[in-house]
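Heads up, structure_24.txt below (compact mmCIF, C-alpha atoms):
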# COMPACT_ATOMS: atom_id res chain seq x y z
CA MET A 70 115.40 134.24 102.13
CA ASP A 71 116.17 131.03 100.22
CA ALA A 72 113.56 129.94 97.68
CA ARG A 73 115.11 126.53 96.94
CA PRO A 74 112.88 123.52 97.75
CA ILE A 75 113.44 120.87 100.41
CA GLY A 76 114.00 117.35 99.10
CA VAL A 77 112.31 114.39 100.81
CA PHE A 78 112.72 110.74 99.78
CA ASP A 79 111.55 107.26 100.70
CA SER A 80 111.42 103.84 99.09
CA GLY A 81 107.76 104.45 98.28
CA VAL A 82 104.83 106.32 99.83
CA GLY A 83 105.47 105.75 103.55
CA GLY A 84 107.62 108.86 103.83
CA LEU A 85 104.56 110.94 102.94
CA THR A 86 103.60 110.68 106.63
CA VAL A 87 106.78 112.64 107.36
CA LEU A 88 106.14 115.04 104.48
CA HIS A 89 102.67 115.73 105.89
CA GLU A 90 104.17 116.98 109.17
CA CYS A 91 106.73 119.06 107.26
CA LEU A 92 103.96 120.68 105.23
CA VAL A 93 102.04 121.52 108.40
CA THR A 94 105.11 122.81 110.25
CA LEU A 95 106.57 124.69 107.28
CA PRO A 96 103.62 125.79 105.11
CA HIS A 97 105.73 128.48 103.45
CA GLU A 98 108.41 126.11 102.14
CA ASP A 99 108.47 124.27 98.80
CA PHE A 100 109.03 120.50 98.78
CA VAL A 101 109.96 117.87 96.21
CA TYR A 102 109.27 114.26 97.22
CA LEU A 103 110.82 111.25 95.49
CA GLY A 104 109.49 107.75 96.09
CA ASP A 105 111.68 104.94 94.77
CA GLY A 106 108.73 102.73 93.84
CA ALA A 107 110.66 100.75 91.22
CA ARG A 108 112.97 99.31 93.88
CA LEU A 109 110.71 98.96 96.91
CA PRO A 110 110.65 97.55 99.47
CA TYR A 111 113.98 98.54 100.97
CA GLY A 112 113.43 96.64 104.22
CA PRO A 113 114.50 93.13 103.11
CA ARG A 114 117.49 94.40 101.08
CA PRO A 115 121.14 94.31 102.23
CA LEU A 116 122.30 97.52 103.90
CA ALA A 117 124.98 98.11 101.25
CA GLU A 118 122.38 98.06 98.49
CA ILE A 119 120.10 100.48 100.37
CA ARG A 120 123.13 102.71 100.92
CA ARG A 121 123.73 102.81 97.15
CA PHE A 122 120.09 103.62 96.40
CA ALA A 123 120.06 106.42 98.99
CA ALA A 124 123.27 107.89 97.56
CA GLU A 125 121.78 107.93 94.06
CA ILE A 126 118.60 109.64 95.26
CA GLY A 127 120.49 112.11 97.41
CA ARG A 128 122.67 113.21 94.50
CA PHE A 129 119.65 113.39 92.20
CA LEU A 130 117.78 115.66 94.63
CA GLU A 131 120.90 117.77 94.98
CA SER A 132 120.95 118.11 91.18
CA GLN A 133 117.37 119.37 91.41
CA GLY A 134 118.60 122.32 93.45
CA VAL A 135 117.27 121.40 96.90
CA LYS A 136 118.63 123.20 99.98
CA LEU A 137 118.16 120.30 102.43
CA VAL A 138 117.41 116.58 102.17
CA VAL A 139 115.15 114.59 104.49
CA ALA A 140 115.67 110.82 104.45
CA ALA A 141 112.05 110.05 105.32
CA CYS A 142 112.73 106.33 105.38
CA ASN A 143 113.90 104.42 108.43
CA SER A 144 115.74 101.80 106.37
CA ALA A 145 117.59 104.43 104.33
CA THR A 146 118.37 106.48 107.44
CA ALA A 147 119.71 103.39 109.21
CA ALA A 148 121.83 102.30 106.26
CA ALA A 149 123.07 105.56 104.79
CA LEU A 150 122.64 108.72 106.87
CA PRO A 151 126.33 109.27 107.79
CA GLU A 152 127.43 108.68 104.18
CA LEU A 153 124.79 111.07 102.84
CA GLN A 154 125.89 113.73 105.30
CA LEU A 155 129.51 113.28 104.21
CA THR A 156 128.94 113.29 100.45
CA LEU A 157 126.13 115.79 99.87
CA SER A 158 126.77 119.54 99.97
CA VAL A 159 123.42 120.29 101.66
CA PRO A 160 122.25 119.34 105.18
CA VAL A 161 120.71 115.86 105.52
CA ILE A 162 118.23 114.92 108.25
CA GLY A 163 117.04 111.40 109.05
CA VAL A 164 114.09 110.04 111.03
CA ILE A 165 115.83 107.79 113.56
CA GLN A 166 117.53 110.28 115.86
CA PRO A 167 114.32 112.21 116.70
CA GLU A 168 112.60 108.92 117.57
CA ALA A 169 115.51 107.74 119.71
CA HIS A 170 115.39 111.00 121.69
CA ALA A 171 111.62 110.73 122.10
CA ALA A 172 111.83 107.11 123.29
CA VAL A 173 114.42 107.91 125.96
CA ARG A 174 112.30 110.80 127.21
CA ALA A 175 109.12 108.70 127.26
CA THR A 176 110.23 105.45 128.90
CA ARG A 177 109.63 105.07 132.63
CA ASN A 178 111.05 101.57 133.20
CA ARG A 179 113.88 101.97 130.64
CA ARG A 180 112.62 99.08 128.51
CA VAL A 181 112.00 100.17 124.92
CA GLY A 182 110.66 98.09 122.06
CA LEU A 183 111.36 98.67 118.38
CA LEU A 184 109.11 97.58 115.51
CA ALA A 185 110.89 98.04 112.19
CA THR A 186 111.92 96.53 108.86
CA GLU A 187 114.56 93.84 108.65
CA ALA A 188 117.15 96.34 107.38
CA THR A 189 116.53 98.81 110.19
CA VAL A 190 116.76 96.08 112.82
CA ALA A 191 119.94 94.68 111.25
CA SER A 192 121.63 98.09 111.28
CA GLY A 193 121.48 98.45 115.08
CA ARG A 194 121.17 102.23 114.68
CA TYR A 195 118.40 102.68 117.22
CA GLU A 196 120.26 100.76 119.90
CA ALA A 197 123.45 102.72 119.26
CA LEU A 198 121.71 106.09 119.42
CA ILE A 199 119.67 105.23 122.50
CA GLU A 200 122.80 103.96 124.27
CA THR A 201 124.51 107.32 123.73
CA LEU A 202 121.51 109.04 125.33
CA ASP A 203 120.96 106.58 128.21
CA ALA A 204 123.13 103.48 128.45
CA GLY A 205 120.71 102.05 131.01
CA VAL A 206 117.86 101.69 128.50
CA THR A 207 117.35 98.20 127.07
CA VAL A 208 116.11 98.05 123.48
CA THR A 209 114.29 94.99 122.16
CA PRO A 210 114.02 95.06 118.34
CA VAL A 211 111.47 93.04 116.37
CA ALA A 212 111.46 92.86 112.57
CA CYS A 213 108.00 93.12 110.99
CA PRO A 214 108.13 91.91 107.36
CA LYS A 215 104.35 91.34 107.18
CA LEU A 216 103.16 94.80 108.15
CA VAL A 217 104.08 97.00 105.17
CA PRO A 218 102.36 94.76 102.55
CA LEU A 219 99.26 94.60 104.75
CA ILE A 220 99.18 98.37 105.29
CA GLU A 221 99.48 98.95 101.54
CA GLY A 222 96.88 96.26 100.82
CA ASP A 223 93.16 96.49 100.21
CA ASP A 224 92.21 95.98 103.86
CA PRO A 225 94.84 97.64 106.09
CA PHE A 226 92.58 97.55 109.15
CA GLY A 227 91.47 93.94 108.71
CA GLU A 228 91.91 90.88 110.89
CA ALA A 229 95.13 89.86 109.10
CA THR A 230 96.75 93.13 110.20
CA VAL A 231 95.50 92.69 113.76
CA GLU A 232 96.97 89.19 113.87
CA ALA A 233 100.30 90.40 112.46
CA VAL A 234 100.44 93.12 115.12
CA ARG A 235 99.69 90.60 117.87
CA GLU A 236 102.52 88.41 116.55
CA VAL A 237 105.18 91.14 116.70
CA ALA A 238 103.83 92.61 119.95
CA GLY A 239 104.24 89.32 121.81
CA PRO A 240 108.02 89.44 122.34
CA LEU A 241 107.82 93.08 123.48
CA LYS A 242 105.06 92.36 125.96
CA ASP A 243 107.06 89.41 127.29
CA VAL A 244 109.97 91.69 128.28
CA GLY A 245 107.66 94.37 129.73
CA VAL A 246 108.42 97.35 127.50
CA ASP A 247 106.55 100.55 128.35
CA THR A 248 107.55 102.38 125.15
CA VAL A 249 107.53 101.17 121.55
CA VAL A 250 109.19 102.97 118.65
CA LEU A 251 107.27 102.66 115.38
CA GLY A 252 110.42 102.43 113.29
CA CYS A 253 108.79 102.52 109.86
CA THR A 254 106.91 105.39 108.25
CA HIS A 255 104.01 103.06 107.34
CA TYR A 256 103.15 102.10 110.91
CA PRO A 257 101.35 105.29 112.01
CA LEU A 258 98.51 104.40 109.66
CA ILE A 259 97.63 101.45 111.91
CA ARG A 260 98.35 103.25 115.17
CA PRO A 261 94.85 102.52 116.56
CA ILE A 262 95.43 98.78 116.09
CA LEU A 263 98.88 98.99 117.68
CA GLN A 264 97.56 100.96 120.65
CA ARG A 265 94.70 98.50 121.12
CA VAL A 266 97.07 95.52 121.15
CA PHE A 267 99.67 97.12 123.44
CA GLY A 268 97.21 99.00 125.67
CA ARG A 269 97.24 102.56 126.94
CA ASP A 270 100.10 101.93 129.38
CA VAL A 271 102.53 101.58 126.47
CA THR A 272 103.66 104.78 124.76
CA LEU A 273 103.97 104.59 120.97
CA ILE A 274 106.70 106.74 119.44
CA PHE A 275 106.53 108.08 115.90
CA SER A 276 108.11 111.46 115.72
CA ALA A 277 107.44 112.82 112.24
CA ASP A 278 106.52 116.05 113.99
CA GLU A 279 109.91 116.13 115.72
CA THR A 280 111.64 115.49 112.40
CA ALA A 281 109.71 118.42 110.91
CA HIS A 282 110.77 120.62 113.82
CA GLU A 283 114.40 119.57 113.28
CA VAL A 284 114.06 120.62 109.63
CA SER A 285 112.61 123.97 110.74
CA GLU A 286 115.39 124.56 113.26
CA THR A 287 118.08 123.63 110.72
CA LEU A 288 116.69 126.07 108.15
CA ALA A 289 116.63 128.85 110.74
CA ARG A 290 120.11 128.06 112.07
CA LYS A 291 121.62 128.09 108.58
CA ALA A 292 119.54 131.12 107.47
CA ILE A 293 118.07 129.29 104.47
CA GLU A 294 114.37 129.75 105.23
CA ASN A 295 111.87 130.86 102.61
CA ASP A 296 109.56 133.88 102.96
CA SER A 297 107.15 133.07 105.81
CA ALA A 298 104.37 135.14 104.20
CA ARG A 299 104.00 132.82 101.17
CA GLU A 300 102.23 129.49 100.67
CA GLY A 301 104.60 126.76 99.60
CA THR A 302 104.19 124.20 96.84
CA TYR A 303 104.96 120.50 96.66
CA ARG A 304 105.67 118.14 93.77
CA PHE A 305 105.98 114.39 93.56
CA LEU A 306 108.38 112.14 91.67
CA THR A 307 108.47 108.35 91.55
CA THR A 308 110.59 105.70 89.88
CA GLY A 309 107.54 103.43 89.97
CA ASP A 310 104.03 103.62 88.56
CA THR A 311 102.68 107.18 88.76
CA ALA A 312 99.02 106.15 88.98
CA ALA A 313 99.72 103.70 91.80
CA PHE A 314 101.73 106.34 93.66
CA LYS A 315 98.90 108.84 93.36
CA ALA A 316 96.25 106.37 94.51
CA MET A 317 98.21 105.03 97.49
CA GLY A 318 99.96 108.29 98.30
CA SER A 319 96.81 110.18 99.23
CA ARG A 320 96.19 107.59 101.99
CA PHE A 321 99.54 108.45 103.56
CA LEU A 322 99.75 112.19 102.83
CA GLN A 323 96.13 112.95 103.81
CA LEU A 324 96.23 115.80 101.30
CA PRO A 325 95.45 116.01 97.57
CA ILE A 326 98.03 114.71 95.11
CA ALA A 327 97.47 116.27 91.69
CA ASP A 328 100.36 115.27 89.42
CA VAL A 329 103.11 112.69 89.81
CA GLU A 330 106.20 112.83 87.60
CA GLN A 331 108.10 109.78 86.37
CA VAL A 332 111.83 109.46 87.04
CA ARG A 333 113.75 106.52 85.63
CA VAL A 334 116.15 104.57 87.84
CA ALA A 335 118.68 105.12 85.04
CA ASP A 336 118.36 108.87 85.60
CA LEU A 337 119.32 108.41 89.25
CA GLU A 338 122.27 106.22 88.32
CA VAL A 339 123.56 108.71 85.75
CA VAL A 340 123.57 111.59 88.24
CA ALA A 341 125.34 109.46 90.85
CA ALA A 342 128.00 108.22 88.43
Show the structure stored in the file as structure tokens.
Amino acid sequence: MDARPIGVFDSGVGGLTVLHECLVTLPHEDFVYLGDGARLPYGPRPLAEIRRFAAEIGRFLESQGVKLVVAACNSATAAALPELQLTLSVPVIGVIQPEAHAAVRATRNRRVGLLATEATVASGRYEALIETLDAGVTVTPVACPKLVPLIEGDDPFGEATVEAVREVAGPLKDVGVDTVVLGCTHYPLIRPILQRVFGRDVTLIFSADETAHEVSETLARKAIENDSAREGTYRFLTTGDTAAFKAMGSRFLQLPIADVEQVRVADLEVVAA
């Protein structure tokens, strides 16, 4: 039995969709979630800068005594996963590999679309992973800079969001994809709009549940699980505004958020120094 918590991080609140699946899959484990609200969004930033941010957060979570780190952010996973796995002393799991596996399994015509942030698209990580699984699959990536602000806005299901989805769906429809990877943790919140625009013949991939299962399997394989008879706890940290995190976070987590603790960016930088 290993009572240490699991660390989960994202640029903001989007990774709470991944945390939700982890809480459902592993109700006996403790979690600490860090949202880097002071430096969001990660998507438009250079990959090297995102890599530095992820390294700082990874080392900070390690200093908090976590037994495993989940990079619940597609941009951070794309930019920094190999480096995190090399530099941290605990296992690190990202969100891209489970989605790549799911997309290859789901596609029938071997044409896969990717909706993601600019950073994730620029990294080419999805294409590289999918090629190792099936070199015959063609991946068409589309960057979606408008979607995250709309999803976090006052009217996430409004006409502006529908129009933005139609805009990014156009190039994927033109090439006849039958599977689309939702390569950002925000996108599941507007899944009904996405499914409506693409139609039922297109499979949408967002595998937070598969990421949670990978976490579960890793804990079991390394014999670092907690007592399965207990009910776990979860706590929240943010470098941004705590009230804003709490208000927006409940929309993504779909569970109560009681307290949110403040962490300064300077605290992350000191640990990483």
If you count only C-alpha atoms, which residues fall within 10 Å of A:Asp336, apart from same-chain ones fewer than 4 positions away, as a compact mmCIF listing (two decimals) with C-alpha atoms, keeping the file's coordinate frame?
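Okay, this is what ended up in around_22.txt:
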# COMPACT_ATOMS: atom_id res chain seq x y z
CA GLU A 125 121.78 107.93 94.06
CA ILE A 126 118.60 109.64 95.26
CA PHE A 129 119.65 113.39 92.20
CA THR A 308 110.59 105.70 89.88
CA VAL A 332 111.83 109.46 87.04
CA VAL A 340 123.57 111.59 88.24
CA ALA A 341 125.34 109.46 90.85
Atomic distance atom CA of A:Val217 - atom CA of A:Glu283, expressed in Å with one decimal: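 Between atom CA of A:Val217 and atom CA of A:Glu283 the gap works out to 26.1 Å.
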Closest of A:Leu157, A:Ala117, A:Leu241, A:Ile162 to A:Ala188 - atom-to-atom distances counting all atoms listed in the file: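 Counting all atoms listed in the file, the residue closest to A:Ala188 is A:Ala117.
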Interatomic distance, atom CA of A:Val329 to atom CA of A:Gly309 (Å, one decimal):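 We find that atom CA of A:Val329 and atom CA of A:Gly309 lie 10.3 Å from each other.
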Pick from A:Asp243, A:Val82, A:Glu236, A:Gln133 nearest to A:Leu263, counting only C-alpha atoms: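 Answer, going by the shortest atom-to-atom distance: A:Glu236.
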All residues 12 Å or closer to A:Pro96, only C-alpha atoms, same chain fewer than 6 positions away omitted, as a PyMOL selection string: chain A and resi 75+88-90+281+285+294-303
Of the listed residues A:Val135, A:Arg194, A:Pro240, A:Ile262, that which approaches A:Gly227 most closely, counting all atoms listed in the file: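 The answer is A:Ile262, which sits nearest to A:Gly227.
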Exercise: A:Glu279 partners within 9 Å, all atoms listed in the file, chain neighbours under 6 positions left out, as a PyMOL selection string: chain A and resi 90+164+167-168+171
